$ cat model.pdb   # PDB, C-alpha atoms, pLDDT in the B column
ATOM      1  CA  MET F  16      26.035 -93.279  37.039  1.00 51.00           C
ATOM      2  CA  SER F  17      29.606 -92.672  37.954  1.00 54.00           C
ATOM      3  CA  ASN F  18      30.908 -90.230  40.490  1.00 57.00           C
ATOM      4  CA  LYS F  19      33.038 -88.490  37.882  1.00 62.00           C
ATOM      5  CA  LYS F  20      32.759 -84.723  37.787  1.00 64.00           C
ATOM      6  CA  LYS F  21      31.231 -83.257  34.700  1.00 69.00           C
ATOM      7  CA  ARG F  22      33.786 -81.642  32.461  1.00 70.00           C
ATOM      8  CA  THR F  23      32.907 -78.012  31.774  1.00 78.00           C
ATOM      9  CA  ASP F  24      34.029 -76.647  28.429  1.00 86.00           C
ATOM     10  CA  TYR F  25      34.948 -72.978  28.776  1.00 89.00           C
ATOM     11  CA  GLY F  26      36.382 -72.717  25.250  1.00 89.00           C
ATOM     12  CA  PRO F  27      33.357 -71.154  23.494  1.00 91.00           C
ATOM     13  CA  THR F  28      32.779 -68.740  26.382  1.00 92.00           C
ATOM     14  CA  LEU F  29      36.399 -67.587  26.410  1.00 93.00           C
ATOM     15  CA  ARG F  30      36.462 -67.186  22.618  1.00 94.00           C
ATOM     16  CA  LEU F  31      33.286 -65.098  22.730  1.00 95.00           C
ATOM     17  CA  ALA F  32      34.731 -62.941  25.532  1.00 95.00           C
ATOM     18  CA  VAL F  33      37.992 -62.335  23.631  1.00 95.00           C
ATOM     19  CA  ILE F  34      36.176 -61.571  20.365  1.00 96.00           C
ATOM     20  CA  SER F  35      33.824 -59.159  22.183  1.00 96.00           C
ATOM     21  CA  LEU F  36      36.742 -57.473  23.910  1.00 95.00           C
ATOM     22  CA  VAL F  37      38.650 -56.998  20.670  1.00 95.00           C
ATOM     23  CA  MET F  38      35.617 -55.762  18.733  1.00 95.00           C
ATOM     24  CA  CYS F  39      34.125 -53.498  21.413  1.00 94.00           C
ATOM     25  CA  GLY F  40      37.329 -52.424  23.118  1.00 94.00           C
ATOM     26  CA  LEU F  41      39.633 -51.946  20.133  1.00 94.00           C
ATOM     27  CA  MET F  42      38.061 -52.118  16.697  1.00 95.00           C
ATOM     28  CA  PHE F  43      34.949 -50.009  17.368  1.00 96.00           C
ATOM     29  CA  PRO F  44      36.793 -47.137  19.147  1.00 95.00           C
ATOM     30  CA  ILE F  45      39.456 -47.069  16.427  1.00 95.00           C
ATOM     31  CA  PHE F  46      36.755 -46.993  13.740  1.00 96.00           C
ATOM     32  CA  VAL F  47      34.781 -44.196  15.454  1.00 95.00           C
ATOM     33  CA  THR F  48      37.949 -42.162  16.057  1.00 93.00           C
ATOM     34  CA  GLY F  49      38.970 -42.548  12.415  1.00 94.00           C
ATOM     35  CA  VAL F  50      35.557 -41.479  11.138  1.00 95.00           C
ATOM     36  CA  ALA F  51      35.563 -38.493  13.503  1.00 93.00           C
ATOM     37  CA  GLN F  52      39.048 -37.448  12.352  1.00 93.00           C
ATOM     38  CA  VAL F  53      37.936 -37.529   8.715  1.00 95.00           C
ATOM     39  CA  LEU F  54      34.502 -35.908   9.081  1.00 95.00           C
ATOM     40  CA  PHE F  55      35.032 -33.582  12.068  1.00 92.00           C
ATOM     41  CA  PRO F  56      38.769 -32.991  12.597  1.00 90.00           C
ATOM     42  CA  TYR F  57      38.372 -29.697  14.521  1.00 86.00           C
ATOM     43  CA  GLN F  58      35.927 -31.198  17.005  1.00 86.00           C
ATOM     44  CA  ALA F  59      37.692 -34.566  17.233  1.00 86.00           C
ATOM     45  CA  ASN F  60      40.922 -32.850  18.252  1.00 84.00           C
ATOM     46  CA  GLY F  61      39.328 -30.899  21.104  1.00 82.00           C
ATOM     47  CA  GLU F  62      38.394 -27.654  19.311  1.00 85.00           C
ATOM     48  CA  LEU F  63      41.838 -26.165  19.845  1.00 84.00           C
ATOM     49  CA  ALA F  64      42.097 -22.383  19.642  1.00 83.00           C
ATOM     50  CA  GLN F  65      45.241 -20.972  18.063  1.00 82.00           C
ATOM     51  CA  ILE F  66      47.156 -17.719  17.868  1.00 80.00           C
ATOM     52  CA  HIS F  67      49.578 -17.542  14.944  1.00 78.00           C
ATOM     53  CA  GLY F  68      49.278 -21.288  14.402  1.00 82.00           C
ATOM     54  CA  ARG F  69      50.187 -22.096  18.004  1.00 84.00           C
ATOM     55  CA  PRO F  70      47.559 -23.838  20.170  1.00 82.00           C
ATOM     56  CA  VAL F  71      46.642 -21.739  23.204  1.00 82.00           C
ATOM     57  CA  GLY F  72      43.703 -23.654  24.619  1.00 81.00           C
ATOM     58  CA  SER F  73      40.538 -25.600  24.003  1.00 82.00           C
ATOM     59  CA  MET F  74      37.090 -24.126  23.494  1.00 81.00           C
ATOM     60  CA  LEU F  75      35.709 -27.102  25.433  1.00 81.00           C
ATOM     61  CA  VAL F  76      37.605 -26.757  28.710  1.00 81.00           C
ATOM     62  CA  ALA F  77      38.033 -23.739  30.977  1.00 77.00           C
ATOM     63  CA  GLU F  78      41.437 -22.129  30.595  1.00 76.00           C
ATOM     64  CA  THR F  79      43.161 -20.313  33.457  1.00 77.00           C
ATOM     65  CA  PHE F  80      43.718 -16.600  33.004  1.00 78.00           C
ATOM     66  CA  ASN F  81      45.605 -14.984  35.861  1.00 80.00           C
ATOM     67  CA  SER F  82      45.495 -11.375  34.681  1.00 87.00           C
ATOM     68  CA  SER F  83      42.700  -8.905  35.361  1.00 91.00           C
ATOM     69  CA  MET F  84      43.033  -7.975  31.667  1.00 93.00           C
ATOM     70  CA  PHE F  85      41.010 -11.067  30.738  1.00 91.00           C
ATOM     71  CA  PHE F  86      37.625 -12.625  31.332  1.00 93.00           C
ATOM     72  CA  HIS F  87      37.689 -15.487  33.840  1.00 89.00           C
ATOM     73  CA  ALA F  88      35.713 -18.710  33.731  1.00 85.00           C
ATOM     74  CA  ASP F  89      36.344 -19.618  37.358  1.00 70.00           C
ATOM     75  CA  TRP F  90      33.882 -16.894  38.454  1.00 59.00           C
ATOM     76  CA  ALA F  91      31.010 -18.972  37.033  1.00 69.00           C
ATOM     77  CA  SER F  92      29.326 -20.775  39.880  1.00 54.00           C
ATOM     78  CA  ASN F  93      27.033 -22.871  37.664  1.00 56.00           C
ATOM     79  CA  SER F  94      29.737 -25.389  36.737  1.00 56.00           C
ATOM     80  CA  ALA F  95      29.759 -28.477  38.916  1.00 58.00           C
ATOM     81  CA  SER F  96      33.019 -29.746  37.420  1.00 62.00           C
ATOM     82  CA  GLY F  97      34.955 -26.476  37.437  1.00 64.00           C
ATOM     83  CA  VAL F  98      36.078 -26.995  33.843  1.00 74.00           C
ATOM     84  CA  ASP F  99      33.133 -25.360  32.097  1.00 79.00           C
ATOM     85  CA  PRO F 100      34.556 -22.958  29.472  1.00 88.00           C
ATOM     86  CA  ASP F 101      31.436 -20.789  29.447  1.00 89.00           C
ATOM     87  CA  ILE F 102      30.080 -18.122  31.781  1.00 90.00           C
ATOM     88  CA  THR F 103      26.671 -16.547  31.972  1.00 90.00           C
ATOM     89  CA  LEU F 104      26.048 -13.207  30.359  1.00 92.00           C
ATOM     90  CA  GLN F 105      25.695 -11.667  33.819  1.00 93.00           C
ATOM     91  CA  ASP F 106      29.114 -13.032  34.864  1.00 93.00           C
ATOM     92  CA  ALA F 107      30.679 -11.542  31.734  1.00 95.00           C
ATOM     93  CA  TYR F 108      29.037  -8.155  32.352  1.00 96.00           C
ATOM     94  CA  SER F 109      30.229  -8.165  35.967  1.00 96.00           C
ATOM     95  CA  GLN F 110      33.853  -8.562  34.789  1.00 96.00           C
ATOM     96  CA  ILE F 111      33.738  -5.639  32.333  1.00 97.00           C
ATOM     97  CA  PRO F 112      34.631  -2.903  34.899  1.00 97.00           C
ATOM     98  CA  ILE F 113      37.666  -4.907  36.070  1.00 96.00           C
ATOM     99  CA  ILE F 114      38.934  -5.405  32.503  1.00 96.00           C
ATOM    100  CA  HIS F 115      38.218  -1.752  31.707  1.00 97.00           C
ATOM    101  CA  ASN F 116      40.291  -0.621  34.708  1.00 96.00           C
ATOM    102  CA  ALA F 117      43.162  -2.959  33.813  1.00 94.00           C
ATOM    103  CA  THR F 118      43.301  -2.192  30.092  1.00 95.00           C
ATOM    104  CA  GLY F 119      41.625   1.147  29.442  1.00 95.00           C
ATOM    105  CA  ILE F 120      39.346  -0.447  26.850  1.00 96.00           C
ATOM    106  CA  SER F 121      35.983   1.289  27.038  1.00 96.00           C
ATOM    107  CA  SER F 122      33.227  -0.525  28.877  1.00 96.00           C
ATOM    108  CA  ASN F 123      30.986  -0.019  25.860  1.00 97.00           C
ATOM    109  CA  ALA F 124      33.494  -1.751  23.545  1.00 97.00           C
ATOM    110  CA  LEU F 125      33.820  -4.661  25.992  1.00 97.00           C
ATOM    111  CA  LYS F 126      30.037  -4.952  26.237  1.00 97.00           C
ATOM    112  CA  GLN F 127      29.797  -5.008  22.418  1.00 97.00           C
ATOM    113  CA  ILE F 128      32.330  -7.857  22.274  1.00 97.00           C
ATOM    114  CA  VAL F 129      30.352  -9.818  24.850  1.00 97.00           C
ATOM    115  CA  ASP F 130      27.023  -9.129  23.117  1.00 96.00           C
ATOM    116  CA  ALA F 131      28.416 -10.170  19.723  1.00 96.00           C
ATOM    117  CA  ASN F 132      29.470 -13.569  21.086  1.00 95.00           C
ATOM    118  CA  VAL F 133      26.386 -14.647  23.005  1.00 92.00           C
ATOM    119  CA  GLU F 134      25.383 -18.272  22.566  1.00 88.00           C
ATOM    120  CA  ARG F 135      22.299 -20.041  23.867  1.00 84.00           C
ATOM    121  CA  THR F 136      21.726 -23.557  25.116  1.00 77.00           C
ATOM    122  CA  LEU F 137      18.699 -24.051  22.855  1.00 76.00           C
ATOM    123  CA  PHE F 138      19.707 -21.841  19.889  1.00 68.00           C
ATOM    124  CA  VAL F 139      17.094 -19.057  20.123  1.00 70.00           C
ATOM    125  CA  ALA F 140      15.663 -19.938  23.529  1.00 73.00           C
ATOM    126  CA  GLY F 141      17.522 -21.037  26.621  1.00 77.00           C
ATOM    127  CA  ASP F 142      20.127 -19.513  28.880  1.00 83.00           C
ATOM    128  CA  SER F 143      22.593 -17.036  27.402  1.00 88.00           C
ATOM    129  CA  TYR F 144      26.298 -17.696  27.837  1.00 90.00           C
ATOM    130  CA  VAL F 145      29.674 -16.748  26.361  1.00 93.00           C
ATOM    131  CA  ASN F 146      32.853 -18.760  25.873  1.00 92.00           C
ATOM    132  CA  VAL F 147      35.652 -17.208  27.937  1.00 92.00           C
ATOM    133  CA  LEU F 148      38.522 -18.308  25.700  1.00 91.00           C
ATOM    134  CA  LYS F 149      36.735 -16.967  22.626  1.00 93.00           C
ATOM    135  CA  LEU F 150      36.230 -13.570  24.305  1.00 95.00           C
ATOM    136  CA  ASN F 151      39.865 -13.417  25.394  1.00 92.00           C
ATOM    137  CA  LEU F 152      41.142 -14.322  21.920  1.00 91.00           C
ATOM    138  CA  ILE F 153      38.981 -11.564  20.445  1.00 94.00           C
ATOM    139  CA  LEU F 154      40.461  -9.102  22.951  1.00 94.00           C
ATOM    140  CA  ILE F 155      44.001 -10.136  21.979  1.00 91.00           C
ATOM    141  CA  GLN F 156      43.234  -9.835  18.246  1.00 89.00           C
ATOM    142  CA  THR F 157      41.214  -6.620  18.484  1.00 93.00           C
ATOM    143  CA  TYR F 158      43.616  -4.766  20.786  1.00 93.00           C
ATOM    144  CA  PRO F 159      47.107  -6.001  19.823  1.00 90.00           C
ATOM    145  CA  THR F 160      48.927  -3.038  21.406  1.00 91.00           C
ATOM    146  CA  ILE F 161      47.308  -3.655  24.793  1.00 90.00           C
ATOM    147  CA  TYR F 162      47.795  -7.412  24.621  1.00 85.00           C
ATOM    148  CA  GLU F 163      51.108  -7.446  22.737  1.00 83.00           C
ATOM    149  CA  VAL F 164      52.709  -9.744  25.324  1.00 76.00           C
ATOM    150  CA  TYR F 165      50.040 -12.377  24.640  1.00 68.00           C
ATOM    151  CA  ASP F 166      49.944 -11.920  20.845  1.00 57.00           C
ATOM    152  CA  GLN F 167      53.224 -13.649  20.071  1.00 55.00           C
TER
END
$ encode --input "model.pdb" --output "C-alpha cells"
Amino acid sequence: MSNKKKRTDYGPTLRLAVISLVMCGLMFPIFVTGVAQVLFPYQANGELAQIHGRPVGSMLVAETFNSSMFFHADWASNSASGVDPDITLQDAYSQIPIIHNATGISSNALKQIVDANVERTLFVAGDSYVNVLKLNLILIQTYPTIYEVYDQ
C-alpha cells in the first residue's frame, strides 16, 4: 500500500445539503405561505382589526391602550410573554369601574359587552377570557360620540 492520503469526495454531500436547504428553507415555506394566503388570508395576515378600512391592531398580539377609557391587556398577569391579547373575565370585570368613571358608560352596559364576547380555551369548557382589542373596538363602534377621537 502507498502512503497516499485517501481522497474524500464531498460532492454528493454538498449537493444534498444545498438541495435540502433550498427545499426546506425556501420552497416549502413559500408553498405553505401561498396556500395560507389563498385558504386563510385573514389569519395568514395576522388577523388585523380595522376601523374604516384602516388597520388599528392585531387580534393576536396585545395592543397598548394608554387611556382609562379602554380595557387594558397589560393588567393580565397570566401572560408569560407580555403580548397576550386576552385577559381573564375577572380582569375585564375589574376594569369596568375605571372605564365607567372615565366615559360615563353604565357599568351594566360594559358588563354586557364583556359577557357577549367571552371565549373559552376549550370551546364550552376551559378558562373564560376576552380579547382586549375586540372589546375596545366594540366600545368605539357602540359609543361613537364618546370615542369620536378614536373613530376616525
$ atom_distance --input "model.pdb" --atom1 "CA of Pro56 in chain F" --atom2 "CA of Leu152 in chain F"
21.0 Å
$ closest_residue --input "model.pdb" --among "F:Phe86, F:Phe46, F:Phe55, F:Tyr162" --to "Ile128 in chain F" --atoms "all atoms listed in the file"
F:Phe86
$ closest_residue --input "model.pdb" --among "F:Ala88, F:Gly141, F:Tyr158, F:Ala64" --to "Ser121 in chain F" --atoms "only C-alpha atoms"
F:Tyr158
$ atom_distance --input "model.pdb" --atom1 "CA of Phe80 in chain F" --atom2 "CA of Asn146 in chain F"
13.2 Å
$ resolve_selection --input "model.pdb" --expression "the PyMOL selection byres ((chain F and resi 135) around 12)" --output "list in words"
Asp101, Ile102, Thr103, Leu104, Asp130, Asn132, Val133, Glu134, Thr136, Leu137, Phe138, Val139, Ala140, Gly141, Asp142, Ser143, Tyr144, Val145 and Asn146 of chain F
$ write_last_selection --input "model.pdb" --atoms "C-alpha atoms" --output "short mmCIF file (atom, residue, chain, number, x, y, z; two decimals), in the frame of the given file"
data_model
loop_
_atom_site.label_atom_id
_atom_site.label_comp_id
_atom_site.auth_asym_id
_atom_site.auth_seq_id
_atom_site.Cartn_x
_atom_site.Cartn_y
_atom_site.Cartn_z
CA ASP F 101 31.44 -20.79 29.45
CA ILE F 102 30.08 -18.12 31.78
CA THR F 103 26.67 -16.55 31.97
CA LEU F 104 26.05 -13.21 30.36
CA ASP F 130 27.02 -9.13 23.12
CA ASN F 132 29.47 -13.57 21.09
CA VAL F 133 26.39 -14.65 23.00
CA GLU F 134 25.38 -18.27 22.57
CA THR F 136 21.73 -23.56 25.12
CA LEU F 137 18.70 -24.05 22.86
CA PHE F 138 19.71 -21.84 19.89
CA VAL F 139 17.09 -19.06 20.12
CA ALA F 140 15.66 -19.94 23.53
CA GLY F 141 17.52 -21.04 26.62
CA ASP F 142 20.13 -19.51 28.88
CA SER F 143 22.59 -17.04 27.40
CA TYR F 144 26.30 -17.70 27.84
CA VAL F 145 29.67 -16.75 26.36
CA ASN F 146 32.85 -18.76 25.87
#
$ residues_around --input "model.pdb" --residues "Leu63 in chain F" --least-positions-apart "5" --cutoff "9 Å" --atoms "all atoms listed in the file" --output "PyMOL selection string"
chain F and resi 57-58+70-75
$ closest_residue --input "model.pdb" --among "F:Met84, F:Glu163, F:Arg22, F:Asn60" --to "Ile114 in chain F" --atoms "all atoms listed in the file"
F:Met84
$ atom_distance --input "model.pdb" --atom1 "CA of Ser83 in chain F" --atom2 "CA of Tyr108 in chain F"
14.0 Å
$ residues_around --input "model.pdb" --residues "Phe85 in chain F" --least-positions-apart "4" --cutoff "9 Å" --atoms "only C-alpha atoms" --output "count of residues only"
10
$ axis_aligned_box --input "model.pdb" --around "range 25-36 of chain F" --padding-each-side "4 Å" --output "lines of an AutoDock Vina configuration file"
center_x = 35.4
center_y = -65.2
center_z = 24.6
size_x = 13.2
size_y = 23.5
size_z = 16.4
$ closest_residue --input "model.pdb" --among "F:Ile155, F:Tyr25, F:Ala77, F:Gly40" --to "Ile120 in chain F" --atoms "all atoms listed in the file"
F:Ile155
$ closest_residue --input "model.pdb" --among "F:Gly119, F:Ile34, F:Gln156, F:Ile45" --to "His67 in chain F" --atoms "only C-alpha atoms"
F:Gln156
$ closest_residue --input "model.pdb" --among "F:Leu148, F:Val47, F:Ala107, F:Ser122" --to "Ala59 in chain F" --atoms "all atoms listed in the file"
F:Val47
